[in-house]
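Text of the file upload32.cif, holding mmCIF, C-alpha atoms, pLDDT in the B column; chains and numbers go by the auth columns:
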```cif
data_work
loop_
_atom_site.group_PDB
_atom_site.id
_atom_site.type_symbol
_atom_site.label_atom_id
_atom_site.label_comp_id
_atom_site.label_asym_id
_atom_site.label_seq_id
_atom_site.Cartn_x
_atom_site.Cartn_y
_atom_site.Cartn_z
_atom_site.B_iso_or_equiv
_atom_site.auth_seq_id
_atom_site.auth_asym_id
ATOM 1 C CA MET A 1 -7.372 -14.380 -14.238 93.00 333 A
ATOM 2 C CA LEU A 2 -7.832 -11.765 -11.492 95.00 334 A
ATOM 3 C CA GLN A 3 -6.987 -14.401 -8.905 95.00 335 A
ATOM 4 C CA ALA A 4 -3.707 -15.288 -10.649 96.00 336 A
ATOM 5 C CA LEU A 5 -2.711 -11.657 -11.147 97.00 337 A
ATOM 6 C CA THR A 6 -3.549 -10.773 -7.553 97.00 338 A
ATOM 7 C CA LYS A 7 -1.286 -13.603 -6.362 96.00 339 A
ATOM 8 C CA VAL A 8 1.606 -12.227 -8.415 98.00 340 A
ATOM 9 C CA VAL A 9 1.075 -8.759 -6.930 98.00 341 A
ATOM 10 C CA ASP A 10 0.767 -10.206 -3.423 97.00 342 A
ATOM 11 C CA SER A 11 4.085 -12.035 -3.886 97.00 343 A
ATOM 12 C CA ASN A 12 5.652 -8.735 -5.049 97.00 344 A
ATOM 13 C CA LEU A 13 7.369 -10.500 -7.926 97.00 345 A
ATOM 14 C CA PRO A 14 9.305 -8.431 -10.495 97.00 346 A
ATOM 15 C CA GLU A 15 6.385 -8.957 -12.885 97.00 347 A
ATOM 16 C CA ALA A 16 3.943 -7.284 -10.470 98.00 348 A
ATOM 17 C CA TYR A 17 4.129 -4.039 -12.412 98.00 349 A
ATOM 18 C CA LEU A 18 2.736 -5.825 -15.472 98.00 350 A
ATOM 19 C CA CYS A 19 -0.246 -6.979 -13.404 98.00 351 A
ATOM 20 C CA CYS A 20 -0.836 -3.409 -12.260 98.00 352 A
ATOM 21 C CA ILE A 21 -0.772 -2.271 -15.892 98.00 353 A
ATOM 22 C CA PHE A 22 -3.382 -4.949 -16.618 98.00 354 A
ATOM 23 C CA PHE A 23 -5.601 -3.707 -13.764 98.00 355 A
ATOM 24 C CA MET A 24 -5.249 -0.162 -15.062 97.00 356 A
ATOM 25 C CA ASN A 25 -6.030 -1.044 -18.665 97.00 357 A
ATOM 26 C CA LEU A 26 -8.978 -3.232 -17.681 97.00 358 A
ATOM 27 C CA THR A 27 -10.540 -0.410 -15.663 97.00 359 A
ATOM 28 C CA PHE A 28 -10.595 1.948 -18.624 96.00 360 A
ATOM 29 C CA LEU A 29 -13.795 -0.016 -19.276 96.00 361 A
ATOM 30 C CA ALA A 30 -16.437 1.529 -17.014 96.00 362 A
ATOM 31 C CA HIS A 31 -18.339 -1.722 -16.427 95.00 363 A
ATOM 32 C CA ALA A 32 -15.158 -3.427 -15.191 97.00 364 A
ATOM 33 C CA ILE A 33 -14.412 -0.895 -12.459 96.00 365 A
ATOM 34 C CA ARG A 34 -16.656 -2.192 -9.683 94.00 366 A
ATOM 35 C CA PRO A 35 -15.953 -5.920 -10.192 95.00 367 A
ATOM 36 C CA VAL A 36 -12.198 -5.283 -10.167 97.00 368 A
ATOM 37 C CA VAL A 37 -12.162 -2.905 -7.175 97.00 369 A
ATOM 38 C CA LEU A 38 -14.397 -5.251 -5.168 96.00 370 A
ATOM 39 C CA TYR A 39 -12.638 -8.458 -6.191 96.00 371 A
ATOM 40 C CA MET A 40 -12.083 -10.981 -3.396 95.00 372 A
ATOM 41 C CA PRO A 41 -10.687 -14.452 -4.236 88.00 373 A
ATOM 42 C CA LEU A 42 -12.748 -16.152 -1.533 65.00 374 A
ATOM 43 C CA ILE A 43 -16.087 -15.164 -3.053 52.00 375 A
ATOM 44 C CA LEU A 44 -15.470 -16.283 -6.601 47.00 376 A
ATOM 45 C CA ARG A 45 -17.927 -19.153 -6.368 47.00 377 A
ATOM 46 C CA ASP A 46 -20.823 -20.060 -4.131 47.00 378 A
ATOM 47 C CA VAL A 47 -22.330 -23.494 -4.756 42.00 379 A
ATOM 48 C CA GLY A 48 -20.821 -23.453 -8.217 42.00 380 A
ATOM 49 C CA LYS A 49 -22.175 -20.023 -9.124 42.00 381 A
ATOM 50 C CA SER A 50 -20.105 -16.936 -9.704 39.00 382 A
ATOM 51 C CA ILE A 51 -20.870 -14.167 -7.260 46.00 383 A
ATOM 52 C CA MET A 52 -18.484 -11.595 -8.632 53.00 384 A
ATOM 53 C CA PRO A 53 -20.002 -8.174 -7.881 55.00 385 A
ATOM 54 C CA SER A 54 -22.000 -6.767 -10.756 51.00 386 A
ATOM 55 C CA SER A 55 -21.017 -3.433 -12.291 46.00 387 A
ATOM 56 C CA PHE A 56 -24.511 -2.261 -11.311 44.00 388 A
ATOM 57 C CA ASP A 57 -24.691 -3.515 -7.714 53.00 389 A
ATOM 58 C CA GLY A 58 -24.411 -1.112 -4.805 60.00 390 A
ATOM 59 C CA ILE A 59 -21.224 -1.467 -2.764 74.00 391 A
ATOM 60 C CA GLY A 60 -22.829 -1.318 0.665 71.00 392 A
ATOM 61 C CA ALA A 61 -21.689 -4.065 3.038 77.00 393 A
ATOM 62 C CA LEU A 62 -19.513 -5.585 0.307 86.00 394 A
ATOM 63 C CA GLY A 63 -17.082 -2.701 0.751 89.00 395 A
ATOM 64 C CA THR A 64 -16.620 -3.674 4.385 90.00 396 A
ATOM 65 C CA ARG A 65 -15.895 -7.240 3.330 92.00 397 A
ATOM 66 C CA VAL A 66 -13.283 -6.001 0.849 94.00 398 A
ATOM 67 C CA LEU A 67 -11.534 -4.039 3.600 95.00 399 A
ATOM 68 C CA ASP A 68 -11.724 -6.967 6.026 94.00 400 A
ATOM 69 C CA ASP A 69 -10.353 -9.466 3.492 95.00 401 A
ATOM 70 C CA SER A 70 -6.557 -9.225 3.413 95.00 402 A
ATOM 71 C CA ASN A 71 -6.602 -11.139 0.117 95.00 403 A
ATOM 72 C CA SER A 72 -8.873 -8.678 -1.684 96.00 404 A
ATOM 73 C CA LEU A 73 -7.401 -6.967 -4.715 98.00 405 A
ATOM 74 C CA LEU A 74 -7.646 -3.539 -3.067 98.00 406 A
ATOM 75 C CA ARG A 75 -5.804 -4.637 0.084 98.00 407 A
ATOM 76 C CA THR A 76 -3.204 -6.433 -2.048 98.00 408 A
ATOM 77 C CA VAL A 77 -2.501 -3.282 -4.054 98.00 409 A
ATOM 78 C CA GLU A 78 -2.297 -1.295 -0.809 98.00 410 A
ATOM 79 C CA ARG A 79 0.339 -3.717 0.560 98.00 411 A
ATOM 80 C CA LEU A 80 2.317 -3.469 -2.677 98.00 412 A
ATOM 81 C CA LEU A 81 2.438 0.323 -2.354 98.00 413 A
ATOM 82 C CA ILE A 82 3.523 0.157 1.286 98.00 414 A
ATOM 83 C CA ALA A 83 6.196 -2.492 0.677 97.00 415 A
ATOM 84 C CA ASN A 84 7.756 -0.797 -2.345 97.00 416 A
ATOM 85 C CA SER A 85 7.595 2.848 -1.262 96.00 417 A
ATOM 86 C CA PRO A 86 11.155 2.853 0.215 94.00 418 A
ATOM 87 C CA SER A 87 12.500 2.140 -3.290 90.00 419 A
ATOM 88 C CA LEU A 88 11.343 5.602 -4.379 91.00 420 A
ATOM 89 C CA MET A 89 13.809 7.446 -2.183 82.00 421 A
ATOM 90 C CA LYS A 90 16.472 7.102 -4.886 79.00 422 A
ATOM 91 C CA PRO A 91 15.895 8.611 -8.346 76.00 423 A
ATOM 92 C CA ILE A 92 16.636 5.290 -10.030 83.00 424 A
ATOM 93 C CA LYS A 93 14.088 3.458 -12.140 89.00 425 A
ATOM 94 C CA SER A 94 13.175 0.011 -10.809 94.00 426 A
ATOM 95 C CA VAL A 95 10.486 -2.622 -11.239 96.00 427 A
ATOM 96 C CA GLN A 96 9.286 -1.759 -7.720 96.00 428 A
ATOM 97 C CA GLY A 97 8.891 1.883 -8.692 96.00 429 A
ATOM 98 C CA GLU A 98 7.058 0.908 -11.867 97.00 430 A
ATOM 99 C CA ALA A 99 4.717 -1.318 -9.847 98.00 431 A
ATOM 100 C CA ILE A 100 3.875 1.670 -7.648 98.00 432 A
ATOM 101 C CA ARG A 101 3.371 3.960 -10.633 97.00 433 A
ATOM 102 C CA TRP A 102 0.965 1.676 -12.455 98.00 434 A
ATOM 103 C CA ALA A 103 -0.833 0.662 -9.263 98.00 435 A
ATOM 104 C CA CYS A 104 -1.514 4.380 -8.791 98.00 436 A
ATOM 105 C CA GLY A 105 -2.632 4.488 -12.433 97.00 437 A
ATOM 106 C CA PHE A 106 -5.177 1.803 -11.581 98.00 438 A
ATOM 107 C CA ILE A 107 -6.359 3.845 -8.559 98.00 439 A
ATOM 108 C CA ARG A 108 -6.643 6.913 -10.784 97.00 440 A
ATOM 109 C CA ASN A 109 -8.899 5.034 -13.185 97.00 441 A
ATOM 110 C CA VAL A 110 -11.278 3.732 -10.531 97.00 442 A
ATOM 111 C CA THR A 111 -11.626 7.100 -8.753 97.00 443 A
ATOM 112 C CA PHE A 112 -12.133 9.093 -11.958 96.00 444 A
ATOM 113 C CA LEU A 113 -15.660 10.445 -12.383 92.00 445 A
ATOM 114 C CA GLY A 114 -15.470 11.068 -16.112 83.00 446 A
ATOM 115 C CA GLU A 115 -18.603 11.484 -18.189 70.00 447 A
ATOM 116 C CA VAL A 116 -21.825 11.398 -16.170 55.00 448 A
ATOM 117 C CA SER A 117 -24.546 8.957 -17.153 47.00 449 A
ATOM 118 C CA VAL A 118 -27.936 10.037 -18.480 40.00 450 A
ATOM 119 C CA VAL A 119 -29.489 9.170 -15.103 40.00 451 A
ATOM 120 C CA ASP A 120 -26.890 11.267 -13.297 43.00 452 A
ATOM 121 C CA HIS A 121 -27.459 14.137 -15.709 43.00 453 A
ATOM 122 C CA ASN A 122 -31.153 14.216 -14.818 43.00 454 A
ATOM 123 C CA ILE A 123 -30.418 13.911 -11.101 37.00 455 A
ATOM 124 C CA ASN A 124 -27.904 16.731 -11.283 45.00 456 A
ATOM 125 C CA LYS A 125 -30.542 19.060 -12.711 44.00 457 A
ATOM 126 C CA ASP A 126 -32.395 18.733 -9.421 43.00 458 A
ATOM 127 C CA ARG A 127 -29.182 19.227 -7.457 39.00 459 A
ATOM 128 C CA SER A 128 -27.859 22.248 -9.335 42.00 460 A
ATOM 129 C CA ASN A 129 -28.514 24.506 -6.354 45.00 461 A
ATOM 130 C CA ASP A 130 -27.220 22.038 -3.748 42.00 462 A
ATOM 131 C CA SER A 131 -23.777 23.213 -2.611 40.00 463 A
ATOM 132 C CA SER A 132 -22.932 19.763 -1.239 38.00 464 A
ATOM 133 C CA TYR A 133 -23.009 18.317 -4.754 36.00 465 A
ATOM 134 C CA GLY A 134 -20.364 19.032 -7.356 39.00 466 A
ATOM 135 C CA ASP A 135 -18.607 21.156 -4.754 44.00 467 A
ATOM 136 C CA ASN A 136 -15.346 22.955 -5.418 44.00 468 A
ATOM 137 C CA VAL A 137 -13.163 20.722 -7.608 46.00 469 A
ATOM 138 C CA ASN A 138 -16.121 19.461 -9.645 44.00 470 A
ATOM 139 C CA ASN A 139 -18.211 22.652 -9.675 42.00 471 A
ATOM 140 C CA SER A 140 -18.923 22.986 -13.407 38.00 472 A
ATOM 141 C CA SER A 141 -21.775 22.606 -15.836 40.00 473 A
ATOM 142 C CA ASN A 142 -22.713 19.174 -17.154 42.00 474 A
ATOM 143 C CA ASN A 143 -21.389 20.084 -20.586 43.00 475 A
ATOM 144 C CA ASP A 144 -17.972 20.890 -19.131 49.00 476 A
ATOM 145 C CA THR A 145 -17.757 18.154 -16.482 49.00 477 A
ATOM 146 C CA SER A 146 -16.032 15.488 -18.555 52.00 478 A
ATOM 147 C CA SER A 147 -13.327 17.740 -20.022 56.00 479 A
ATOM 148 C CA ALA A 148 -12.709 19.457 -16.675 54.00 480 A
ATOM 149 C CA ASN A 149 -12.327 16.115 -14.904 59.00 481 A
ATOM 150 C CA ASP A 150 -10.000 14.842 -17.650 62.00 482 A
ATOM 151 C CA TYR A 151 -7.779 17.892 -17.181 60.00 483 A
ATOM 152 C CA LEU A 152 -7.621 17.679 -13.398 69.00 484 A
ATOM 153 C CA SER A 153 -7.262 13.920 -13.147 69.00 485 A
ATOM 154 C CA GLY A 154 -4.973 13.444 -16.124 67.00 486 A
ATOM 155 C CA ASN A 155 -7.199 10.553 -17.171 68.00 487 A
ATOM 156 C CA SER A 156 -8.716 9.933 -20.560 68.00 488 A
ATOM 157 C CA GLY A 157 -9.817 7.030 -22.714 82.00 489 A
ATOM 158 C CA ARG A 158 -12.613 5.579 -20.588 89.00 490 A
ATOM 159 C CA GLN A 159 -15.106 3.463 -22.472 91.00 491 A
ATOM 160 C CA GLY A 160 -18.663 3.663 -21.125 93.00 492 A
ATOM 161 C CA VAL A 161 -20.030 5.515 -18.113 93.00 493 A
ATOM 162 C CA ILE A 162 -20.344 4.789 -14.411 93.00 494 A
ATOM 163 C CA SER A 163 -22.600 6.593 -11.959 93.00 495 A
ATOM 164 C CA ARG A 164 -21.200 9.327 -9.747 93.00 496 A
ATOM 165 C CA GLU A 165 -22.638 7.491 -6.735 93.00 497 A
ATOM 166 C CA SER A 166 -20.485 4.464 -7.604 94.00 498 A
ATOM 167 C CA ILE A 167 -17.334 6.570 -7.939 95.00 499 A
ATOM 168 C CA GLU A 168 -18.069 8.344 -4.667 95.00 500 A
ATOM 169 C CA GLU A 169 -18.509 4.982 -2.922 95.00 501 A
ATOM 170 C CA ILE A 170 -15.195 3.754 -4.353 97.00 502 A
ATOM 171 C CA CYS A 171 -13.422 6.962 -3.284 97.00 503 A
ATOM 172 C CA THR A 172 -14.890 6.552 0.194 96.00 504 A
ATOM 173 C CA LEU A 173 -13.673 2.950 0.290 97.00 505 A
ATOM 174 C CA ILE A 174 -10.156 3.909 -0.774 98.00 506 A
ATOM 175 C CA SER A 175 -10.066 6.767 1.738 97.00 507 A
ATOM 176 C CA THR A 176 -10.244 4.220 4.577 97.00 508 A
ATOM 177 C CA THR A 177 -6.972 2.610 3.423 98.00 509 A
ATOM 178 C CA GLU A 178 -3.375 3.861 3.578 98.00 510 A
ATOM 179 C CA ILE A 179 -3.539 4.850 -0.095 98.00 511 A
ATOM 180 C CA PRO A 180 -4.337 8.588 0.408 98.00 512 A
ATOM 181 C CA ARG A 181 -1.379 8.946 2.784 98.00 513 A
ATOM 182 C CA LEU A 182 0.916 7.238 0.293 98.00 514 A
ATOM 183 C CA LEU A 183 -0.274 9.429 -2.586 98.00 515 A
ATOM 184 C CA VAL A 184 0.522 12.577 -0.624 98.00 516 A
ATOM 185 C CA HIS A 185 3.910 11.067 0.289 97.00 517 A
ATOM 186 C CA TYR A 186 4.738 10.430 -3.379 97.00 518 A
ATOM 187 C CA VAL A 187 4.109 14.079 -4.233 97.00 519 A
ATOM 188 C CA ARG A 188 5.620 15.652 -1.117 96.00 520 A
ATOM 189 C CA ASP A 189 8.783 13.527 -0.981 95.00 521 A
ATOM 190 C CA SER A 190 9.492 13.113 -4.675 94.00 522 A
ATOM 191 C CA PRO A 191 13.246 13.021 -5.391 91.00 523 A
ATOM 192 C CA TYR A 192 12.590 14.793 -8.702 91.00 524 A
ATOM 193 C CA PRO A 193 12.101 18.538 -9.283 92.00 525 A
ATOM 194 C CA THR A 194 8.602 19.479 -10.458 93.00 526 A
ATOM 195 C CA ILE A 195 9.923 20.258 -13.930 92.00 527 A
ATOM 196 C CA LYS A 196 10.572 16.510 -14.279 92.00 528 A
ATOM 197 C CA TRP A 197 6.968 15.573 -13.390 95.00 529 A
ATOM 198 C CA SER A 198 5.986 14.573 -16.900 95.00 530 A
ATOM 199 C CA LYS A 199 2.645 13.143 -17.970 94.00 531 A
ATOM 200 C CA ASP A 200 1.975 9.783 -16.312 95.00 532 A
ATOM 201 C CA SER A 201 4.951 10.104 -13.986 96.00 533 A
ATOM 202 C CA LEU A 202 4.221 8.873 -10.469 96.00 534 A
ATOM 203 C CA GLU A 203 3.857 12.451 -9.229 96.00 535 A
ATOM 204 C CA ASP A 204 1.505 13.380 -12.082 96.00 536 A
ATOM 205 C CA ILE A 205 -0.668 10.306 -11.500 97.00 537 A
ATOM 206 C CA SER A 206 -0.702 10.823 -7.723 97.00 538 A
ATOM 207 C CA LEU A 207 -1.865 14.427 -8.084 97.00 539 A
ATOM 208 C CA GLY A 208 -4.602 13.205 -10.408 96.00 540 A
ATOM 209 C CA VAL A 209 -5.816 10.656 -7.851 98.00 541 A
ATOM 210 C CA ILE A 210 -5.753 13.271 -5.083 98.00 542 A
ATOM 211 C CA CYS A 211 -7.886 15.515 -7.308 96.00 543 A
ATOM 212 C CA ASN A 212 -10.341 12.665 -7.747 97.00 544 A
ATOM 213 C CA LEU A 213 -10.570 12.013 -4.003 97.00 545 A
ATOM 214 C CA ALA A 214 -10.876 15.723 -3.226 97.00 546 A
ATOM 215 C CA GLN A 215 -14.158 15.923 -5.124 95.00 547 A
ATOM 216 C CA TRP A 216 -16.064 14.120 -2.390 97.00 548 A
ATOM 217 C CA THR A 217 -16.827 15.174 1.164 94.00 549 A
ATOM 218 C CA SER A 218 -16.582 11.536 2.223 91.00 550 A
ATOM 219 C CA SER A 219 -12.936 11.200 1.159 96.00 551 A
ATOM 220 C CA ARG A 220 -11.563 14.687 1.871 97.00 552 A
ATOM 221 C CA GLU A 221 -10.848 14.061 5.536 96.00 553 A
ATOM 222 C CA ALA A 222 -8.390 11.302 4.623 97.00 554 A
ATOM 223 C CA LEU A 223 -6.455 13.801 2.503 98.00 555 A
ATOM 224 C CA ARG A 224 -6.432 16.327 5.340 97.00 556 A
ATOM 225 C CA ARG A 225 -5.107 13.685 7.740 97.00 557 A
ATOM 226 C CA ALA A 226 -2.430 12.774 5.203 97.00 558 A
ATOM 227 C CA GLY A 227 -1.202 16.380 5.191 97.00 559 A
ATOM 228 C CA ALA A 228 -2.301 17.264 1.655 97.00 560 A
ATOM 229 C CA VAL A 229 -3.108 20.876 2.576 96.00 561 A
ATOM 230 C CA GLN A 230 0.419 21.585 3.817 95.00 562 A
ATOM 231 C CA SER A 231 2.235 19.359 1.319 95.00 563 A
ATOM 232 C CA LEU A 232 0.688 20.987 -1.756 96.00 564 A
ATOM 233 C CA GLU A 233 1.221 24.555 -0.598 93.00 565 A
ATOM 234 C CA LYS A 234 4.749 24.623 -2.006 90.00 566 A
ATOM 235 C CA ILE A 235 3.577 23.830 -5.555 94.00 567 A
ATOM 236 C CA GLU A 236 0.302 25.735 -5.730 92.00 568 A
ATOM 237 C CA GLY A 237 2.099 28.827 -7.043 90.00 569 A
ATOM 238 C CA LEU A 238 3.634 26.962 -9.978 91.00 570 A
ATOM 239 C CA ALA A 239 2.463 27.652 -13.493 89.00 571 A
ATOM 240 C CA GLY A 240 0.972 24.769 -15.442 91.00 572 A
ATOM 241 C CA ILE A 241 -1.074 21.704 -14.572 93.00 573 A
ATOM 242 C CA HIS A 242 0.669 20.799 -11.301 95.00 574 A
ATOM 243 C CA GLY A 243 0.080 24.210 -9.750 95.00 575 A
ATOM 244 C CA TYR A 244 -3.484 24.221 -11.060 94.00 576 A
ATOM 245 C CA ARG A 245 -4.189 20.843 -9.494 95.00 577 A
ATOM 246 C CA ALA A 246 -2.595 21.850 -6.192 95.00 578 A
ATOM 247 C CA ARG A 247 -4.764 24.987 -6.030 95.00 579 A
ATOM 248 C CA ALA A 248 -7.906 23.014 -6.919 94.00 580 A
ATOM 249 C CA ILE A 249 -7.192 20.401 -4.251 96.00 581 A
ATOM 250 C CA ARG A 250 -6.393 22.924 -1.524 95.00 582 A
ATOM 251 C CA CYS A 251 -9.494 24.892 -2.479 95.00 583 A
ATOM 252 C CA SER A 252 -11.604 21.743 -2.143 94.00 584 A
ATOM 253 C CA LEU A 253 -10.023 20.993 1.234 95.00 585 A
ATOM 254 C CA GLY A 254 -10.933 24.467 2.487 91.00 586 A
ATOM 255 C CA ALA A 255 -7.422 25.943 2.526 84.00 587 A
ATOM 256 C CA LEU A 256 -8.160 28.443 -0.250 74.00 588 A
ATOM 257 C CA PRO A 257 -11.297 30.436 -1.125 71.00 589 A
ATOM 258 C CA LEU A 258 -13.442 28.988 -3.888 60.00 590 A
ATOM 259 C CA GLN A 259 -12.647 30.642 -7.193 59.00 591 A
ATOM 260 C CA MET A 260 -15.736 31.307 -9.279 51.00 592 A
ATOM 261 C CA ASN A 261 -15.458 31.818 -13.030 49.00 593 A
#
```

Could you render the structure as structure tokens?
Amino acid sequence: MLQALTKVVDSNLPEAYLCCIFFMNLTFLAHAIRPVVLYMPLILRDVGKSIMPSSFDGIGALGTRVLDDSNSLLRTVERLLIANSPSLMKPIKSVQGEAIRWACGFIRNVTFLGEVSVVDHNINKDRSNDSSYGDNVNNSSNNDTSSANDYLSGNSGRQGVISRESIEEICTLISTTEIPRLLVHYVRDSPYPTIKWSKDSLEDISLGVICNLAQWTSSREALRRAGAVQSLEKIEGLAGIHGYRARAIRCSLGALPLQMN
């Protein structure tokens, strides 16, 4: 099924947005995140045996293979975003724009930390005084982590848990693609005023993904290179969720002092 859907997205057919919605909905299930993100058609079978990546395997060298394989699901989604981005310059709804929106919804799901696992909870007890962990955007107690992440990311509804190490690895993987640059572009060059950035609009989803990426040292540099610090400055003073996200992101990227509650 993933192979067929990836082919539709790669062909940029009008139905591609439906495939992106499928990817997004599938990755609300925590155990599906890694197999979907790491999907490569060429490794479906080896001597008749499935070698789809397990939801518990480490990414490691497999991430490099995903980036090197132009047919991987991640690279296919990246190409879709690049190819369809010019359609966003006009404030007219189109299937290309919807494909971008729901592809970003998929990226938001797979970069969302969400509820920490029991193992992570115990590990975090030992790291509570380590400033390199849970820094800035995600600097909250374990009891507040899930709700705080939901608010910043705009994501909710995940079933199951995935380790923070896995999410960090996925964010690092995505940061080596063109996706961070495109996310910043969608926010910075939106043809709509911020008052029109409703829940699950492209701008709302993009800000949520940027928040997710900004949590990790390994993916922050990609946001800096994409111009996130400068691009978000104009909205950080806004009231409401968009201004709050912009301030949190710029704080995480070192442009603002860390605000302690």

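Note that atom CA of A:Gly392 and atom CA of A:Leu539 are 27.6 Å apart.
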
Query raised in the report: Any idea what's packed within 9 Å of A:Val493, counting all atoms listed in the file, ignoring anything in its chain fewer than 2 positions away? Could you give it as a ChimeraX atom specification?
Result: /A:361-363,445-449,490-491,495

Preceding selection exported with C-alpha atoms as a PDB file, in the frame of the given file:
```
ATOM      1  CA  LEU A 361     -13.795  -0.016 -19.276  1.00 96.00           C
ATOM      2  CA  ALA A 362     -16.437   1.529 -17.014  1.00 96.00           C
ATOM      3  CA  HIS A 363     -18.339  -1.722 -16.427  1.00 95.00           C
ATOM      4  CA  LEU A 445     -15.660  10.445 -12.383  1.00 92.00           C
ATOM      5  CA  GLY A 446     -15.470  11.068 -16.112  1.00 83.00           C
ATOM      6  CA  GLU A 447     -18.603  11.484 -18.189  1.00 70.00           C
ATOM      7  CA  VAL A 448     -21.825  11.398 -16.170  1.00 55.00           C
ATOM      8  CA  SER A 449     -24.546   8.957 -17.153  1.00 47.00           C
ATOM      9  CA  ARG A 490     -12.613   5.579 -20.588  1.00 89.00           C
ATOM     10  CA  GLN A 491     -15.106   3.463 -22.472  1.00 91.00           C
ATOM     11  CA  SER A 495     -22.600   6.593 -11.959  1.00 93.00           C
TER      12      SER A 495
END
```

Query raised in the report: So what does the PyMOL selection byres ((chain A and resi 581) around 10) actually pick up in this one, as a VMD selection string?
Result: chain A and resid 468 to 469 484 539 to 540 542 to 547 552 555 560 to 561 564 568 575 to 580 582 to 588

Could you take the residues named above and write them with C-alpha atoms, as a compact mmCIF listing (two decimals), in the frame of the given file?
```txt
# COMPACT_ATOMS: atom_id res chain seq x y z
CA ASN A 468 -15.35 22.96 -5.42
CA VAL A 469 -13.16 20.72 -7.61
CA LEU A 484 -7.62 17.68 -13.40
CA LEU A 539 -1.86 14.43 -8.08
CA GLY A 540 -4.60 13.20 -10.41
CA ILE A 542 -5.75 13.27 -5.08
CA CYS A 543 -7.89 15.52 -7.31
CA ASN A 544 -10.34 12.66 -7.75
CA LEU A 545 -10.57 12.01 -4.00
CA ALA A 546 -10.88 15.72 -3.23
CA GLN A 547 -14.16 15.92 -5.12
CA ARG A 552 -11.56 14.69 1.87
CA LEU A 555 -6.46 13.80 2.50
CA ALA A 560 -2.30 17.26 1.66
CA VAL A 561 -3.11 20.88 2.58
CA LEU A 564 0.69 20.99 -1.76
CA GLU A 568 0.30 25.74 -5.73
CA GLY A 575 0.08 24.21 -9.75
CA TYR A 576 -3.48 24.22 -11.06
CA ARG A 577 -4.19 20.84 -9.49
CA ALA A 578 -2.60 21.85 -6.19
CA ARG A 579 -4.76 24.99 -6.03
CA ALA A 580 -7.91 23.01 -6.92
CA ARG A 582 -6.39 22.92 -1.52
CA CYS A 583 -9.49 24.89 -2.48
CA SER A 584 -11.60 21.74 -2.14
CA LEU A 585 -10.02 20.99 1.23
CA GLY A 586 -10.93 24.47 2.49
CA ALA A 587 -7.42 25.94 2.53
CA LEU A 588 -8.16 28.44 -0.25
```

Report task. Pick out the closest residue to A:Val341 from this set: A:Ile511, A:Trp434, A:Thr396, A:Gln562. Count only C-alpha atoms. Result -> A:Trp434

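Taking atom CA of A:Ser533 and atom CA of A:Val442 as the two end points, the separation is 17.8 Å.
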
Query - Atomic distance atom CA of A:Pro367 - atom CA of A:Glu410, expressed in Å with one decimal - result: 17.2 Å

Requested in this report: Given the file shown, enumerate the residues that the PyMOL selection byres ((chain A and resi 440) around 8) captures and present them as a list in words.
Outcome: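 Expected selection for the PyMOL selection byres ((chain A and resi 440) around 8) here is Cys436, Gly437, Phe438, Ile439, Asn441, Val442, Thr443, Phe444, Ser485, Asn487, Ile537, Ser538, Gly540, Val541 and Asn544 of chain A.
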
Requested in this report: Step by step, work through what the PyMOL selection byres ((chain A and resi 413-430) around 10) selects in the shown file, and finish by giving those residues as an MDAnalysis selection string.
Outcome: chainID A and resid 344:350 352:353 407:412 431:436 510:511 514:515 517:518 521:524 533:534

Query raised in the report: Counting all atoms listed in the file, which residues come within 12 Å of (-8.4, -10.2, 2.1), with the point read in the file's coordinates, and could you list them as a list in words?
Result: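 The requested residues, written out, are Gln335, Thr338, Lys339, Asp342, Leu370, Tyr371, Met372, Pro373, Leu374, Ile375, Gly395, Thr396, Arg397, Val398, Leu399, Asp400, Asp401, Ser402, Asn403, Ser404, Leu405, Leu406, Arg407, Thr408, Val409, Glu410 and Arg411 of chain A.
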
Please define a box with edges along x, y and z of the file around all atoms of stretch 496-514 of chain A given in the file, extend it by 3 Å on each side, and return its centre and edge lengths in Å to one decimal, as AutoDock Vina command-line options.
```
--center_x -10.9 --center_y 6.0 --center_z -2.6 --size_x 29.6 --size_y 12.7 --size_z 20.3
```

Requested in this report: Kindly indicate which residue among A:Ile527, A:Phe360, A:Thr549, A:Ala558 lies nearest to A:Ile494, using all atoms listed in the file for the distances.
Outcome: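 Closest to A:Ile494, using all atoms listed in the file: A:Phe360.
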